[in-house]
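Pasting structure07.cif here (mmCIF, C-alpha atoms):
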```cif
data_model
loop_
_atom_site.label_atom_id
_atom_site.label_comp_id
_atom_site.auth_asym_id
_atom_site.auth_seq_id
_atom_site.Cartn_x
_atom_site.Cartn_y
_atom_site.Cartn_z
CA MET A 28 0.00 0.00 0.00
CA ARG A 29 2.90 2.35 0.71
CA GLU A 30 4.14 1.66 -2.82
CA PHE A 31 0.71 2.25 -4.38
CA PHE A 32 0.24 5.58 -2.58
CA GLY A 33 3.82 6.63 -3.29
CA PHE A 34 5.01 7.23 0.26
CA GLY A 35 8.77 7.55 0.10
CA GLY A 36 8.63 7.63 -3.69
CA TYR A 37 7.81 4.89 -6.20
CA THR A 38 10.39 2.13 -6.42
CA ARG A 39 8.93 0.67 -9.61
CA THR A 40 10.07 1.94 -12.99
CA PRO A 41 7.25 3.66 -14.91
CA GLU A 42 6.06 1.53 -17.81
CA GLY A 43 6.03 4.63 -20.01
CA ALA A 44 3.59 6.47 -22.24
CA TYR A 45 1.68 4.28 -24.70
CA SER A 46 3.17 1.11 -23.26
CA PHE A 47 0.98 -2.00 -23.29
CA GLN A 48 0.14 -1.41 -19.61
CA HIS A 49 -0.81 2.24 -20.20
CA LEU A 50 -3.05 1.44 -23.17
CA LEU A 51 -4.69 -1.55 -21.44
CA PHE A 52 -5.39 0.50 -18.32
CA VAL A 53 -6.97 3.43 -20.17
CA PHE A 54 -8.91 1.04 -22.44
CA ILE A 55 -10.53 -0.48 -19.35
CA THR A 56 -11.32 2.90 -17.76
CA ILE A 57 -12.69 4.43 -20.97
CA THR A 58 -14.78 1.33 -21.69
CA LEU A 59 -16.32 1.51 -18.20
CA MET A 60 -16.94 5.23 -18.68
CA ILE A 61 -18.78 4.72 -21.98
CA VAL A 62 -20.77 1.67 -20.86
CA LEU A 63 -21.97 3.34 -17.64
CA ALA A 64 -22.88 6.54 -19.50
CA ILE A 65 -24.95 4.56 -22.00
CA ILE A 66 -26.70 2.51 -19.28
CA PHE A 67 -27.62 5.48 -17.08
CA GLY A 68 -28.29 7.78 -20.04
CA ILE A 69 -30.75 5.45 -21.76
CA ARG A 70 -32.40 4.52 -18.46
CA ASN A 71 -33.07 8.16 -17.57
CA ARG A 72 -33.61 9.62 -21.05
CA ASN A 73 -37.38 9.94 -20.73
CA LYS A 74 -37.50 10.75 -17.01
CA GLU A 75 -38.04 14.18 -15.49
CA LEU A 76 -35.09 16.49 -14.98
CA SER A 77 -34.88 15.87 -11.23
CA LYS A 78 -34.38 12.14 -11.83
CA LYS A 79 -31.77 12.77 -14.53
CA ASN A 80 -30.01 15.24 -12.28
CA LYS A 81 -29.36 12.67 -9.52
CA VAL A 82 -26.67 11.02 -11.63
CA LEU A 83 -24.88 14.36 -12.01
CA VAL A 84 -25.16 14.97 -8.26
CA VAL A 85 -23.41 11.66 -7.59
CA SER A 86 -20.82 12.45 -10.29
CA ALA A 87 -20.13 15.85 -8.72
CA ILE A 88 -19.70 14.38 -5.25
CA LEU A 89 -17.42 11.60 -6.50
CA ILE A 90 -15.15 13.75 -8.66
CA ASP A 91 -14.63 16.36 -5.95
CA SER A 92 -14.20 13.73 -3.22
CA PHE A 93 -11.46 11.94 -5.16
CA GLU A 94 -9.75 15.25 -5.92
CA ILE A 95 -9.86 16.48 -2.32
CA PHE A 96 -8.49 13.11 -1.13
CA LYS A 97 -5.70 13.40 -3.71
CA ILE A 98 -4.78 16.93 -2.61
CA VAL A 99 -4.72 16.00 1.09
CA LEU A 100 -2.66 12.85 0.49
CA MET A 101 -0.16 14.64 -1.75
CA CYS A 102 0.34 17.38 0.83
CA ILE A 103 0.94 14.72 3.49
CA ARG A 104 3.14 12.62 1.22
CA GLY A 105 5.27 15.60 0.25
CA HIS A 106 5.42 16.97 3.82
CA ASN A 107 4.25 20.26 2.31
CA PRO A 108 1.05 21.84 3.67
CA MET A 109 1.19 24.34 0.79
CA GLY A 110 1.35 21.64 -1.89
CA TRP A 111 -2.23 22.43 -2.86
CA ILE A 112 -1.12 25.57 -4.75
CA THR A 113 0.03 23.34 -7.62
CA LEU A 114 -3.18 21.30 -7.49
CA LEU A 115 -5.75 24.02 -8.15
CA PRO A 116 -8.58 23.30 -10.65
CA LEU A 117 -6.98 25.48 -13.31
CA PHE A 118 -6.31 22.93 -16.02
CA LEU A 119 -8.85 22.52 -18.82
CA CYS A 120 -9.67 19.05 -17.50
CA SER A 121 -9.95 20.08 -13.85
CA ILE A 122 -12.43 22.90 -14.55
CA GLN A 123 -14.96 20.05 -14.43
CA LEU A 124 -14.40 19.97 -10.65
CA ILE A 125 -16.35 23.23 -10.65
CA THR A 126 -18.66 22.86 -13.65
CA ILE A 127 -20.04 19.38 -12.87
CA PRO A 128 -21.23 20.56 -9.42
CA LEU A 129 -22.61 23.71 -11.10
CA ALA A 130 -24.46 21.52 -13.62
CA ALA A 131 -25.80 19.35 -10.79
CA PHE A 132 -26.81 21.97 -8.23
CA SER A 133 -27.54 25.24 -10.08
CA LYS A 134 -30.63 26.33 -12.01
CA GLY A 135 -31.62 28.40 -15.02
CA LYS A 136 -29.05 29.85 -17.42
CA VAL A 137 -26.15 28.93 -15.15
CA LYS A 138 -27.21 25.27 -15.20
CA GLU A 139 -27.62 25.34 -18.98
CA ALA A 140 -24.15 26.85 -19.45
CA ALA A 141 -22.56 24.39 -17.01
CA LEU A 142 -24.26 21.41 -18.67
CA ASP A 143 -23.04 22.53 -22.08
CA PHE A 144 -19.52 23.18 -20.77
CA VAL A 145 -19.33 19.68 -19.29
CA PHE A 146 -20.74 18.20 -22.49
CA VAL A 147 -18.30 20.07 -24.74
CA PHE A 148 -15.11 19.68 -22.70
CA GLY A 149 -15.77 16.58 -20.56
CA ILE A 150 -15.07 13.99 -23.23
CA LEU A 151 -12.02 15.93 -24.43
CA GLY A 152 -10.68 15.96 -20.87
CA ALA A 153 -11.27 12.24 -20.50
CA ILE A 154 -9.28 11.42 -23.63
CA ALA A 155 -6.53 13.96 -22.95
CA GLY A 156 -6.17 12.89 -19.31
CA THR A 157 -5.94 9.17 -20.04
CA ILE A 158 -4.69 8.43 -23.55
CA GLY A 159 -2.94 11.77 -23.98
CA ALA A 160 -1.37 12.03 -20.52
CA ALA A 161 2.05 10.95 -21.70
CA GLN A 162 3.86 12.94 -19.00
CA ASN A 163 2.02 11.09 -16.19
CA TYR A 164 2.71 7.60 -17.51
CA ASN A 165 6.36 8.47 -18.09
CA ALA A 166 6.65 9.78 -14.51
CA TYR A 167 4.65 7.23 -12.47
CA PRO A 168 3.89 3.50 -12.70
CA VAL A 169 0.53 2.76 -14.34
CA LEU A 170 -0.99 1.23 -11.19
CA SER A 171 -0.07 4.06 -8.85
CA PHE A 172 -2.16 6.50 -6.84
CA ASP A 173 -1.24 9.40 -9.13
CA ASN A 174 -2.34 7.70 -12.34
CA VAL A 175 -5.32 5.78 -10.95
CA VAL A 176 -6.96 8.82 -9.34
CA SER A 177 -6.22 10.92 -12.42
CA ALA A 178 -7.87 8.28 -14.62
CA ILE A 179 -10.90 8.13 -12.31
CA THR A 180 -11.49 11.90 -12.22
CA HIS A 181 -10.94 12.34 -15.96
CA SER A 182 -13.25 9.39 -16.66
CA ILE A 183 -15.96 10.91 -14.46
CA SER A 184 -15.71 14.04 -16.62
CA GLY A 185 -16.10 11.94 -19.75
CA PHE A 186 -18.96 9.97 -18.20
CA ALA A 187 -20.80 13.19 -17.30
CA SER A 188 -20.29 14.54 -20.83
CA LEU A 189 -21.71 11.41 -22.48
CA TYR A 190 -24.48 11.04 -19.91
CA ILE A 191 -25.65 14.62 -20.51
CA VAL A 192 -26.10 14.10 -24.25
CA ILE A 193 -27.48 10.55 -24.03
CA SER A 194 -30.05 11.56 -21.41
CA LYS A 195 -30.84 14.72 -23.44
CA MET A 196 -29.86 17.24 -20.77
CA GLU A 197 -27.77 19.46 -23.03
CA SER A 198 -29.23 22.73 -24.28
CA MET A 199 -26.51 23.77 -26.80
CA LYS A 200 -28.41 27.00 -27.40
CA LYS A 201 -26.41 29.24 -29.71
CA GLU A 202 -27.34 32.29 -27.65
CA ASN A 203 -25.70 30.71 -24.59
CA ILE A 204 -22.31 30.13 -26.20
CA TRP A 205 -21.04 33.41 -24.74
CA MET A 206 -21.58 31.94 -21.25
CA LEU A 207 -19.46 28.93 -22.14
CA PHE A 208 -16.67 31.24 -23.35
CA THR A 209 -17.08 33.34 -20.20
CA ILE A 210 -16.48 30.30 -18.00
CA LEU A 211 -13.48 29.34 -20.12
CA GLY A 212 -12.14 32.90 -20.16
CA VAL A 213 -12.35 33.28 -16.38
CA PHE A 214 -10.31 30.13 -15.83
CA ILE A 215 -7.75 31.16 -18.47
CA VAL A 216 -7.23 34.51 -16.70
CA LEU A 217 -6.93 32.76 -13.32
CA ALA A 218 -4.44 30.29 -14.81
CA PHE A 219 -2.33 33.15 -16.22
CA ILE A 220 -2.30 34.86 -12.83
CA ALA A 221 -1.41 31.64 -10.98
CA ASN A 222 1.36 30.88 -13.46
CA LYS A 223 2.93 34.27 -12.75
CA LEU A 224 2.51 34.22 -8.98
CA ILE A 225 3.41 30.63 -8.07
CA PRO A 226 4.89 30.11 -10.79
CA TYR A 227 3.37 27.00 -12.38
CA ASN A 228 2.07 25.76 -15.72
CA TYR A 229 -1.70 25.71 -15.32
CA MET A 230 -3.64 24.97 -18.52
CA PHE A 231 -0.21 24.35 -20.06
CA LEU A 232 -0.15 28.03 -21.01
CA SER A 233 3.56 28.36 -20.26
CA ARG A 234 4.89 25.22 -21.97
CA ASP A 235 3.61 21.90 -23.31
CA ASP A 236 5.34 19.62 -20.74
CA GLY A 237 5.17 16.64 -23.09
CA THR A 238 1.41 16.93 -23.67
CA PRO A 239 -0.20 16.99 -27.15
CA TYR A 240 0.26 20.79 -27.00
CA VAL A 241 3.78 20.02 -28.22
CA ILE A 242 2.22 20.43 -31.68
CA ILE A 243 1.69 24.13 -30.95
CA THR A 244 5.24 24.44 -29.62
CA LYS A 245 6.52 23.11 -32.93
CA ILE A 246 4.21 25.33 -35.00
CA VAL A 247 5.34 28.53 -33.24
CA ASN A 248 8.92 27.27 -32.93
CA GLY A 249 8.85 27.61 -29.15
CA ASN A 250 7.92 31.31 -29.15
CA LYS A 251 6.93 32.24 -25.57
CA VAL A 252 4.33 34.81 -26.71
CA LEU A 253 2.75 32.89 -29.58
CA TYR A 254 2.57 29.60 -27.68
CA PRO A 255 -0.16 30.60 -25.14
CA ILE A 256 -2.05 32.43 -27.90
CA GLY A 257 -1.97 29.22 -29.93
CA VAL A 258 -3.29 27.19 -26.98
CA ILE A 259 -6.19 29.61 -26.43
CA LEU A 260 -6.99 29.67 -30.16
CA LEU A 261 -7.06 25.88 -30.08
CA PHE A 262 -9.70 26.04 -27.31
CA VAL A 263 -11.82 28.44 -29.39
CA ILE A 264 -11.50 26.39 -32.57
CA TYR A 265 -12.41 23.23 -30.68
CA VAL A 266 -15.61 24.83 -29.31
CA PHE A 267 -16.79 25.97 -32.75
CA VAL A 268 -15.90 22.63 -34.36
CA PHE A 269 -17.77 20.80 -31.57
CA TYR A 270 -20.87 22.97 -31.99
CA GLY A 271 -20.70 22.62 -35.77
CA ALA A 272 -20.45 18.83 -35.56
CA TYR A 273 -23.27 18.69 -32.99
CA PHE A 274 -25.73 20.66 -35.15
CA LEU A 275 -24.67 18.81 -38.31
CA ILE A 276 -25.42 15.46 -36.63
CA LYS A 277 -28.76 16.79 -35.38
CA LYS A 278 -29.65 17.94 -38.90
CA LEU A 279 -28.67 14.61 -40.45
CA LYS A 280 -30.75 12.72 -37.87
CA LYS A 281 -33.81 14.82 -38.73
CA ASN A 282 -33.38 14.06 -42.43
#
```
As structure tokens, the full file:
Amino acid sequence: MREFFGFGGYTRTPEGAYSFQHLLFVFITITLMIVLAIIFGIRNRNKELSKKNKVLVVSAILIDSFEIFKIVLMCIRGHNPMGWITLLPLFLCSIQLITIPLAAFSKGKVKEAALDFVFVFGILGAIAGTIGAAQNYNAYPVLSFDNVVSAITHSISGFASLYIVISKMESMKKENIWMLFTILGVFIVLAFIANKLIPYNYMFLSRDDGTPYVIITKIVNGNKVLYPIGVILLFVIYVFVFYGAYFLIKKLKKN
């Protein structure tokens, strides 16, 4: 158990990004995520909103509980009571720690915006935080606290995203897209501030750190000014592509 939780450091050699162990582990977690989303989504599709919402309430409680446990354990493990400053929900994936509870417990326009944000970014976060998390699987063994909890929280985000659309909870109103960008913009500003004050690399706005954002690093040739602009533009492009694909699929289904 000491080895799993990383007390004293991991003695096992990390299996590495895209190793057989990494791919098998994320295949299992993603499969569970999809299967559970389909089961609960179809079961609740025709029920009233309050019944549908219960699944999101449980998701919100679980994702925040796992994250709080992770923060507490890492502070204890590192003998650093201030370790939480590098574990703030200021990555694109970890924004779901705020937006899933908002989707579950708020009402009106705020609920609509939160539901759409989780729908749009939840599945992206699940894929990026499991398959795309090369830096984690190069740093820690696959079956370690760091990677297991990360896979669980990212998979909950993906589950919530799929559940929202399968159970027909999304609004995807074009007039509400500004609220989605407002949520995103607030967290980008907070990430910039945190990166300057701590300093850290929230939202990978300072450098790619071995993530798929390395593509942007190569495009801008490592330029420190153009790199964060490229990351933010990628967010914006993704949103519009997602909305475009969503409405195209809806149109094709009607025809």
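Take the candidates A:Lys79, A:Arg29, A:His181, A:Lys251 and check each one against Val53 (chain A) using all atoms listed in the file; the shortest distance goes to A:His181.
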(request) Run the PyMOL selection byres ((chain A and resi 85) around 12) against the file shown and list the residues it catches, as a ChimeraX atom specification. (result) /A:78-84,86-92,127-128,130-132,183,186-187
May I have the selected residues written with C-alpha atoms, as a compact mmCIF listing (two decimals), in the coordinates of the input?
```txt
# COMPACT_ATOMS: atom_id res chain seq x y z
CA LYS A 78 -34.38 12.14 -11.83
CA LYS A 79 -31.77 12.77 -14.53
CA ASN A 80 -30.01 15.24 -12.28
CA LYS A 81 -29.36 12.67 -9.52
CA VAL A 82 -26.67 11.02 -11.63
CA LEU A 83 -24.88 14.36 -12.01
CA VAL A 84 -25.16 14.97 -8.26
CA SER A 86 -20.82 12.45 -10.29
CA ALA A 87 -20.13 15.85 -8.72
CA ILE A 88 -19.70 14.38 -5.25
CA LEU A 89 -17.42 11.60 -6.50
CA ILE A 90 -15.15 13.75 -8.66
CA ASP A 91 -14.63 16.36 -5.95
CA SER A 92 -14.20 13.73 -3.22
CA ILE A 127 -20.04 19.38 -12.87
CA PRO A 128 -21.23 20.56 -9.42
CA ALA A 130 -24.46 21.52 -13.62
CA ALA A 131 -25.80 19.35 -10.79
CA PHE A 132 -26.81 21.97 -8.23
CA ILE A 183 -15.96 10.91 -14.46
CA PHE A 186 -18.96 9.97 -18.20
CA ALA A 187 -20.80 13.19 -17.30
```
(request) To one decimal in Å, tell me the separation between CA of Ile150 (chain A) and CA of Ser182 (chain A). (result)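 The value is 8.2 Å.
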Residues of region 83-137 of chain A within 6 Å of region 226-237 of chain A: nearest atom pair and distance (Å, one decimal) for each, counting all atoms listed in the file, sorted by chain and number, as JSON lines?
```
{"residue": "A:Leu117", "atom": "CA", "partner": "A:Tyr229", "partner_atom": "CA", "distance": 5.7}
{"residue": "A:Phe118", "atom": "CA", "partner": "A:Met230", "partner_atom": "CA", "distance": 4.2}
{"residue": "A:Leu119", "atom": "CA", "partner": "A:Met230", "partner_atom": "CA", "distance": 5.8}
```
(request) May I have the residues within 12 Å of Tyr270 (chain A) as a PyMOL selection string, using only C-alpha atoms and disregarding those fewer than 2 positions away in the same chain? (result) chain A and resi 143-144+146-148+197-201+203-204+207+263-268+272-277
Store the residues of this selection in a file with C-alpha atoms, as a JSON list (two decimals), in the frame of the given file.
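Result went into out-v8.json, see below:
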```json
[["chain", "number", "residue", "atom", "x", "y", "z"],
["A", 143, "ASP", "CA", -23.04, 22.53, -22.08],
["A", 144, "PHE", "CA", -19.52, 23.18, -20.77],
["A", 146, "PHE", "CA", -20.74, 18.20, -22.49],
["A", 147, "VAL", "CA", -18.30, 20.07, -24.74],
["A", 148, "PHE", "CA", -15.11, 19.68, -22.70],
["A", 197, "GLU", "CA", -27.77, 19.46, -23.03],
["A", 198, "SER", "CA", -29.23, 22.73, -24.28],
["A", 199, "MET", "CA", -26.51, 23.77, -26.80],
["A", 200, "LYS", "CA", -28.41, 27.00, -27.40],
["A", 201, "LYS", "CA", -26.41, 29.24, -29.71],
["A", 203, "ASN", "CA", -25.70, 30.71, -24.59],
["A", 204, "ILE", "CA", -22.31, 30.13, -26.20],
["A", 207, "LEU", "CA", -19.46, 28.93, -22.14],
["A", 263, "VAL", "CA", -11.82, 28.44, -29.39],
["A", 264, "ILE", "CA", -11.50, 26.39, -32.57],
["A", 265, "TYR", "CA", -12.41, 23.23, -30.68],
["A", 266, "VAL", "CA", -15.61, 24.83, -29.31],
["A", 267, "PHE", "CA", -16.79, 25.97, -32.75],
["A", 268, "VAL", "CA", -15.90, 22.63, -34.36],
["A", 272, "ALA", "CA", -20.45, 18.83, -35.56],
["A", 273, "TYR", "CA", -23.27, 18.69, -32.99],
["A", 274, "PHE", "CA", -25.73, 20.66, -35.15],
["A", 275, "LEU", "CA", -24.67, 18.81, -38.31],
["A", 276, "ILE", "CA", -25.42, 15.46, -36.63],
["A", 277, "LYS", "CA", -28.76, 16.79, -35.38]]
```
(request) Quick one: everything within 7 Å of Ser188 (chain A), counting all atoms listed in the file, minus sequence neighbours fewer than 2 positions away in the same chain. Send it as a list in words. (result) Val145, Phe146, Gly149, Ile150, Ser184, Gly185, Phe186, Tyr190, Ile191 and Val192 of chain A
(request) Using the chain letters and numbers from the file, give me the residues hit by the PyMOL selection byres ((chain A and resi 98) around 12), as a VMD selection string. (result) chain A and resid 91 to 97 99 to 105 107 to 116 172 to 173 176 to 177
May I have the centre and edge lengths, in Å to one decimal, of an axis-aligned box around the listed atoms of region 234-241 of chain A with 8 Å added to every side, as lines of an AutoDock Vina configuration file?
```
center_x = 2.6
center_y = 20.9
center_z = -24.5
size_x = 21.5
size_y = 24.6
size_z = 23.5
```
(request) Rank A:Ser133, A:Val62, A:Phe34, A:Ser121 by their smallest atom-to-atom distance to His106 (chain A), using all atoms listed in the file, and report the top residue only. (result)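 When distances to His106 (chain A) are compared using all atoms listed in the file, the smallest one comes from A:Phe34.
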(message) When you look at Arg70 (chain A) with a cut-off of 10 Å (counting all atoms listed in the file), what residues show up, excluding the ones that are within fewer than 3 positions of it in the same chain? I need them as a VMD selection string.
(response) chain A and resid 64 to 67 73 to 74 79 193 to 194
(request) Go ahead and compute the interatomic distance for CA of Met60 (chain A) and CA of Ala161 (chain A), in Å to one decimal. (result) 20.1 Å
(message) I'd like the neighbourhood of Gly159 (chain A) as a PyMOL selection string, where a residue qualifies if any of its atoms comes within 9 Å (using all atoms listed in the file), though same-chain residues fewer than 2 positions away should be ignored.
(response) chain A and resi 44-45+154-157+161-162+238-239
(request) Kindly give the distance, in Å, that separates CA of Ile210 (chain A) and CA of Ile125 (chain A), rounded to a single decimal. (result)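 That distance, rounded to one decimal, is 10.2 Å.
In this comparison, which uses only C-alpha atoms, the residue of A:Phe32, A:Ala178, A:Gly135, A:Val216 approaching Phe54 (chain A) most closely is A:Ala178.
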(message) Quick check on the file I pasted: which residues fall under the PyMOL selection byres ((chain A and resi 164) around 7)? Write them as a list of chain:residue names.
(response)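 Answer for the PyMOL selection byres ((chain A and resi 164) around 7): A:Pro41, A:Glu42, A:Gly43, A:Ala44, A:His49, A:Ala160, A:Ala161, A:Gln162, A:Asn163, A:Asn165, A:Ala166, A:Tyr167, A:Pro168, A:Val169.
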